[in-house]
Amino acid sequence: MNMTPALLLAGLAVLLALGSSAVSLLASRDPSVLRRVAMPLIGLSGLAALAAGLWALIAGGDISTTLPFGLPWMPWQVRLDALSGFFLMTIGLVVCAVGIYGPSYVRGFEHGRESLTALGGFTGLFLAGMLLVVLANDAFLFMVAWELMSLSSYFLVAFQHENAANRRAAFLYLLMAHVGGLTILLGFGVLSGFGHSFAFDAMREAILSPGWASVAFALAFVGFGMKAGLVPLHAWLPEAHPVAPSHISALMSGVMLKVAVYGFIRVVFDLIGQVQWQWGVTLMVIGSLSALVGVLFALMQTDLKRLLAYSSVENLGIIFIALGLALVFLSTGHALLGALAFVAALYHVINHALFKSLLFLGAGAILHSSHERDLEQMGGLLRRMPWTGAFFLIGCLSISALPPFNGFVSEWLIFQSALQAWQLESGVLRSLIPIASAVLALTGALVAATFVKVYGVAFLGQARSRHVRHARQGTFGMRAGQGFLAGLCVLFGVLPTQVIMLIDGVSVQILGTGLPQASAHGWLWLTPISSETASYSAPLTILLLTLVAGFAFWWFLRGVPRRIRRSDPWDCGFAPPTPGMQYTATAFAQPIRRVFGPLFEIDEARPAHADGEPRYRLKLTDRTWGLLYLPVARAVESASRRVVRLQSGNVRTYLGWTLATLLVLLWIIS
Amino acid sequence: MIIVTWLIAFIQALLIAALAPLLIGWVRKVKAWLQNRRGPSLLQPYADLRKLLVKEIRVPHTASPLFRASPYIVFVAIWLAAATIPLVALDLPTSRIADIIVLVGLLALARFFLALAGMDAGTAFGGMGASREMLISALAEPAMLVAVFTLAMTAHSTSLVSVIDHHLTDGFLLRPSYLFALGALLLVALAECGRIPVDNPATHLELTMIHEAMLLEYAGRHLALMEWAAWIKLLLYGVIIANLFFPWGVAQDFSPLALGLGLAAVLFKLMILGAVLAVSETALAKMRLFRVPAFLNLALLLALLGLLSHVILEVGA
């Protein structure tokens with residue numbers, strides 16, 4: 001099939017995103033431009049990206065072209081293949097929803113002090129950056145687009161910059177993004193040293209020695225892992241993602257982290273090519289650690305958006321576990337199993353994009369109507385905001401990996417590939433992989449606990465504060481944006497075979513193997529390896545669920561008069577329960593906090609107070625701060641104190657240093 | 001033929017729902033005997049269900065629509081999970097819908113709604129029950145999955161039918177991994193079904209309840225469905241343990257003789273398991289909540305030992 005229209009559509013998506021940015025910047029006088037023109041343009045850009053991605057996936061070829069930009073000897077090249085197409089589709093789906101949701105959400109900022117010009121301008125640039133990263137076919141354009149994405153998202157994080165905590169979060173983000181960007185650049189440097197060019201095509205052809213390949217892998221893993229928020233390089237993520245406006249948080253958590261996964265897959269699976277099993281083990285260990293630490297910290301949070309950000313760490317960990325499995329299987333010659341794990345990883349990529357964006361948009365809707373992010377103040381929102389409540393429930397069920405929703409399918413696929421570990425020769429790997437899957441199982445159960453807490457505390461029970469009690473339903477646009485994503489969560493859960501057939505093209509292109517068996521038993525049955533090994537039939541499950549439920553309803557209602565009496569809840573014979581008697585989010589997490597206590601740095605106290613009222617203080621700190629970040633920060637500070645001695649303020653001294661440096665450099669290269 | 005197999009599957013699903021109260025009645029009866037009581041009739045749980053089904057439903061003022069939908073969702077999810085396990089016969093079409101991971105997923109779905117329903121009325125008890133239930137499940141689920149992974153890796157399949165089939169054709173091999181997995185699954189089953197020593201199904205002492213705390217606001221038909229679902233869950237775990245580790249007697253074809261034999265075999269096995277449960281509940285006392293993690297860590301440890309002894313000792317052997 002002809003791929004040219006797909007590339008044109010992708011180009012259109014980039015132009016629309018840039019156009020949206022330009023419109024906001026030009027019409028900075030009128031605050032309503034963002035809502036009326038710029039946000040719809042973002043939505044259209046998402047639609048174009050979605051169409052381009054789908055086209056590329058279905059057509060299944062690749063097309064590349066050279067752009068008339070860039071340096072004279074290094075023109076920018078773009079390429080659209082199945083892998084780029086898949087990520088374009090992911091970006092497109094989320095951006096469409098944000099485009100529907102955004103106009104009503106940004107209306108809330110129109111009377112605020114923050115600059116809407118900055119919001120609109122950088123949103124467009126951010127989107128254009130992400131699209132270009134996915135399309136780039138040489139390291140130069142890739143890095144330019146990557147920095148465009150990082151820098152513009154920095155300004156979005158710093159959007160509400162009057163709050164000092166937000167400025168601090170944004171600075172930390174900028175710092176980490178640049179350290180990550182630097183290691184990615186070095187990784188490309190290694191690859192281009194062997195390929196003698198910055199073009200991806202040349203890098204793909206280059207043959208690396210195993211040592212250098214490992215260096216390139218390590219650099220890429222650190223760089224992209226930092227952007228993806230893997231433990232222990234995750235500290236910026238729960239700071240930065242929640243402070244951006246909610247639709248931007250959805251884009252950052254739902255999409256930008258996926259762009260990091262794209263970069264990792266592109267470099268390791270596609271450009272380096274010759275994979276080693278040790279890499280897979282590294283990925284599995286780091287992924288398991290991220291999944292477990294991410295979910296435990298998510299469970300402890302009381303700030304809804306921060307909780308969701310920590311949960312992104314966990315989900316990225318799951319994706320990297322699957323990628324690690326793929327690397328192990330590929331490097332030991334089990335191409336089919338590698339393809340299974342790879343497809344599972346990609347499936348989880350799109351699932352996480354869908355449900356995490358949905359949950360962030362839901363959190364945004366709550367924030368919009370009640371100005372509240374703290375779970376301890378919420379309660380009973382299901383009755384105040386029934387639509388948001390219903391969609392949020394779908395998001396919670398999906399992220400908790402419950403059938404028949406989408407999160408379950410990808411976790412099921414990961415378990416299936418992990419259970420094929422018996423085919424490996426090495427006893428170490430055979431025992432390591434099941435332990436990783438045990439961590440995955442523990443993570444899954446803790447995620448369910450987390451989202452029972454979120455939904456139970458925020459949407460059920462009674463309101464814990466006055467402004468939450470008077471929360472209003474969001475506008476139609478906001479509900480439609482969430483409904484779109486919720487519908488997709490159900491669809492991706494109910495039709496797994498079709499989605500896998502779509503993703504299969506990526507696996508065929510990158511790994512050379514697909515999953516021919518996945519749909520061999522018709523569209524109803526998902527049988528990744530063979531029907532004897534495992535089968536899962538989500539459409540049939542959901543059909544049976546509804547049939548049995550309907551039958552049960554009919555049977556129980558038959559002849560029995562519908563008598564439902566409302567009464568007070570059980571109060572032990574004392575005063576009727578008040579909202580303050582409900583379990584709080586902190587109380588809900590207390591047993592798990594106690595069981596996993598050694599992992600956290602807990603500061604728990606009942607400080608005495610002059611008025612004699614009992615008080616409770618609880619502060620949880622991430623241990624990585626003390627173990628990793630603070631020592632590094634101290635080292636940098638003491639190093640800079642030493643460098644300060646060079647700073648005499650005398651121009652002649654500076655010139656002397658410059659001359660000396662030049663001489664040393666000349667001596668080195670001659 | 002397809003119609004016949006679907007019919008058998010449907011009858012089996014009905015049979016599971018019908019047998020669940022009987023198992024509970026049996027456990028209670030044996031416990032009563034052990035305590036030198038005569039105890040209520042074996043059929044008492046049926047009478048309880050009937051009474052609850054026709055009684056008036058009471059719903060707290062503070063409850064949302066989710067409170068009224070949850071009993072149906074919980075019941076359907078657990079029943080569906082139970083319908084996919086081979087009770088009497090192997091290789092029924094319903095078994096292909098879900099493998100063991102999907103089964104665990106369906107049980108998790110039911111638990112999710114049970115916990116949410118507990119929190120919905122906005123009382124302290126509901127939240128307490130939900131919080132404790134999620135703690136226990138968070139520790140029990142990995143142990144459960146790792147234990148079944150051991151079996152799945154032996155049979156190279158996560159389908160329950162294939163695992164049992166493998167076990168039957170393989171002959172009786174005393175594998176150490178099976179013993180570890182059996183130990184782990186027994187502990188997990190006690191925790192997941194809310195039995196002593198993890199939870200006491202007979203208590204209404206506020207500070208110790210877990211499962212009952214979540215059901216405290218339910219009445220009438222809703223309560224009947226929730227209780228029934230919990231009983232089906234107990235039966236489900238019983239059947240899994242009975243048929244995975246002691247698969248003899250399961251019908252491998254659909255002849256009336258084989259089916260009848262399969263039914264008799266599974267009833268016998270469940271009777272033994274129920275008696276064992278009653279004895280252990282009589283002999284043990286309920287633990288403090290914060291002793292439960294140690295109990296479940298033991299289950300996880302057993303499961304991991306089973307898995308490791310499988311991949312190290314048994315693969316290739």
# chains A, B, ... in the order shown; residues from 1 in each chain; ligands from 1

$ interface_residues --of "chain B" --to "chain A" --cutoff "7 Å" --atoms "only C-alpha atoms" --output "JSON, numbers by chain"
{"B": [54, 56, 57, 58, 59, 60, 61, 62, 63, 64, 72, 76, 96, 97, 98, 99, 101, 105, 106, 108, 109, 112, 115, 116, 119, 120, 121, 122, 123, 124, 127, 128, 131, 134, 135, 137, 138, 139, 141, 142, 145, 146, 153, 156, 157, 158, 159, 162, 217, 308, 311, 312]}

$ select_by_dssp --residues "region 386-553 of chain A" --states "helix (DSSP H, G or I)" --output "number ranges by chain"
A: 386-399, 406-423, 427-458, 466-469, 476-494, 496-511, 538-553

$ residues_around --residues "Leu304 (chain A)" --least-positions-apart "6" --cutoff "10 Å" --atoms "only C-alpha atoms" --output "ChimeraX atom specification"
/A:242,298,359-360,363-364,366-367,372-376,454,458

$ closest_residue --among "B:Ala224, B:Ala9, B:Leu257, B:Ala202" --to "Arg28 (chain B)" --atoms "only C-alpha atoms"
B:Ala202

$ residues_around --residues "Asp170 (chain B)" --least-positions-apart "6" --cutoff "12 Å" --atoms "only C-alpha atoms" --output "MDAnalysis selection string"
chainID B and resid 154:155 162:164 247

$ write_last_selection --atoms "all heavy atoms" --output "compact mmCIF listing (two decimals), in the first residue's frame"
# COMPACT_ATOMS: atom_id res chain seq x y z
N THR B 154 5.26 -26.81 34.87
CA THR B 154 5.41 -28.25 34.69
C THR B 154 4.62 -28.71 33.48
O THR B 154 5.10 -29.51 32.68
CB THR B 154 4.86 -28.99 35.93
OG1 THR B 154 5.27 -28.27 37.08
CG2 THR B 154 5.35 -30.40 35.98
N ALA B 155 3.41 -28.21 33.36
CA ALA B 155 2.56 -28.66 32.27
C ALA B 155 2.77 -27.84 31.00
O ALA B 155 2.16 -28.14 29.98
CB ALA B 155 1.10 -28.57 32.70
N SER B 162 -5.26 -28.31 30.83
CA SER B 162 -3.99 -28.90 30.39
C SER B 162 -3.17 -29.35 31.58
O SER B 162 -2.51 -30.39 31.53
CB SER B 162 -3.19 -27.90 29.57
OG SER B 162 -3.91 -27.53 28.44
N VAL B 163 -3.20 -28.56 32.67
CA VAL B 163 -2.41 -28.93 33.85
C VAL B 163 -2.90 -30.26 34.40
O VAL B 163 -2.12 -31.19 34.67
CB VAL B 163 -2.49 -27.82 34.92
CG1 VAL B 163 -1.81 -28.28 36.20
CG2 VAL B 163 -1.84 -26.54 34.43
N ILE B 164 -4.24 -30.39 34.54
CA ILE B 164 -4.79 -31.63 35.09
C ILE B 164 -4.52 -32.79 34.13
O ILE B 164 -4.15 -33.89 34.55
CB ILE B 164 -6.29 -31.44 35.36
CG1 ILE B 164 -6.48 -30.38 36.44
CG2 ILE B 164 -6.92 -32.75 35.79
CD1 ILE B 164 -7.91 -30.03 36.69
N PRO B 247 -6.09 -35.27 40.95
CA PRO B 247 -7.03 -35.19 39.82
C PRO B 247 -7.77 -36.48 39.52
O PRO B 247 -8.57 -36.50 38.59
CB PRO B 247 -6.13 -34.78 38.65
CG PRO B 247 -4.81 -35.35 39.00
CD PRO B 247 -4.69 -35.33 40.49

$ atom_distance --atom1 "CA of Pro103 (chain A)" --atom2 "CA of Arg36 (chain A)"
7.0 Å

$ residues_around --residues "Asn243 (chain B)" --least-positions-apart "2" --cutoff "10 Å" --atoms "only C-alpha atoms" --output "ChimeraX atom specification"
/B:85-88,160-161,163-164,237-241,245-250,265-266,269-270

$ residues_around --residues "Pro5 (chain A)" --least-positions-apart "5" --cutoff "10 Å" --atoms "only C-alpha atoms" --output "list of chain:residue names"
A:Ala10, A:Gly11, A:Ala51, A:Ala52, A:Trp55, A:Ala56

$ write_last_selection --atoms "all heavy atoms" --output "PDB file, in the first residue's frame"
ATOM      1  N   ALA A  10       1.356  12.720   8.749  1.00  0.00           N
ATOM      2  CA  ALA A  10       2.231  12.955   9.901  1.00  0.00           C
ATOM      3  C   ALA A  10       2.802  14.364   9.835  1.00  0.00           C
ATOM      4  O   ALA A  10       2.861  15.071  10.848  1.00  0.00           O
ATOM      5  CB  ALA A  10       3.353  11.919   9.924  1.00  0.00           C
ATOM      6  N   GLY A  11       3.210  14.787   8.612  1.00  0.00           N
ATOM      7  CA  GLY A  11       3.704  16.150   8.453  1.00  0.00           C
ATOM      8  C   GLY A  11       2.637  17.158   8.809  1.00  0.00           C
ATOM      9  O   GLY A  11       2.888  18.168   9.478  1.00  0.00           O
ATOM     10  N   ALA A  51      -4.368   9.158  12.330  1.00  0.00           N
ATOM     11  CA  ALA A  51      -4.600   8.618  10.990  1.00  0.00           C
ATOM     12  C   ALA A  51      -3.289   8.154  10.367  1.00  0.00           C
ATOM     13  O   ALA A  51      -3.211   7.066   9.780  1.00  0.00           O
ATOM     14  CB  ALA A  51      -5.259   9.689  10.123  1.00  0.00           C
ATOM     15  N   ALA A  52      -2.235   8.973  10.536  1.00  0.00           N
ATOM     16  CA  ALA A  52      -0.939   8.603   9.957  1.00  0.00           C
ATOM     17  C   ALA A  52      -0.436   7.303  10.568  1.00  0.00           C
ATOM     18  O   ALA A  52       0.038   6.404   9.871  1.00  0.00           O
ATOM     19  CB  ALA A  52       0.066   9.725  10.204  1.00  0.00           C
ATOM     20  N   TRP A  55      -2.459   4.314   9.402  1.00  0.00           N
ATOM     21  CA  TRP A  55      -2.123   4.027   8.006  1.00  0.00           C
ATOM     22  C   TRP A  55      -0.810   3.260   7.935  1.00  0.00           C
ATOM     23  O   TRP A  55      -0.703   2.214   7.271  1.00  0.00           O
ATOM     24  CB  TRP A  55      -2.031   5.339   7.225  1.00  0.00           C
ATOM     25  CG  TRP A  55      -1.931   5.148   5.741  1.00  0.00           C
ATOM     26  CD1 TRP A  55      -0.977   4.448   5.068  1.00  0.00           C
ATOM     27  CD2 TRP A  55      -2.850   5.628   4.763  1.00  0.00           C
ATOM     28  NE1 TRP A  55      -1.216   4.472   3.732  1.00  0.00           N
ATOM     29  CE2 TRP A  55      -2.367   5.193   3.504  1.00  0.00           C
ATOM     30  CE3 TRP A  55      -4.005   6.400   4.805  1.00  0.00           C
ATOM     31  CZ2 TRP A  55      -3.020   5.510   2.322  1.00  0.00           C
ATOM     32  CZ3 TRP A  55      -4.648   6.715   3.621  1.00  0.00           C
ATOM     33  CH2 TRP A  55      -4.162   6.260   2.389  1.00  0.00           C
ATOM     34  N   ALA A  56       0.188   3.774   8.670  1.00  0.00           N
ATOM     35  CA  ALA A  56       1.501   3.127   8.622  1.00  0.00           C
ATOM     36  C   ALA A  56       1.418   1.706   9.165  1.00  0.00           C
ATOM     37  O   ALA A  56       2.053   0.784   8.646  1.00  0.00           O
ATOM     38  CB  ALA A  56       2.511   3.935   9.426  1.00  0.00           C
TER      39      ALA A  56
END

$ residues_around --residues "Ile210 (chain B)" --least-positions-apart "4" --cutoff "7 Å" --atoms "only C-alpha atoms" --output "PyMOL selection string"
chain B and resi 129+132-133+199+214

$ closest_residue --among "B:His204, B:Val198, B:Gly39, B:Gly126" --to "Arg291 (chain B)" --atoms "only C-alpha atoms"
B:Val198

$ closest_residue --among "B:Trp6, B:Tyr178, B:Phe268, B:Trp228" --to "Val74 (chain B)" --atoms "only C-alpha atoms"
B:Trp228

$ atom_distance --atom1 "CA of Leu424 (chain A)" --atom2 "CA of His310 (chain B)"
13.6 Å

$ atom_distance --atom1 "CA of Trp79 (chain B)" --atom2 "CA of Ile16 (chain B)"
8.2 Å
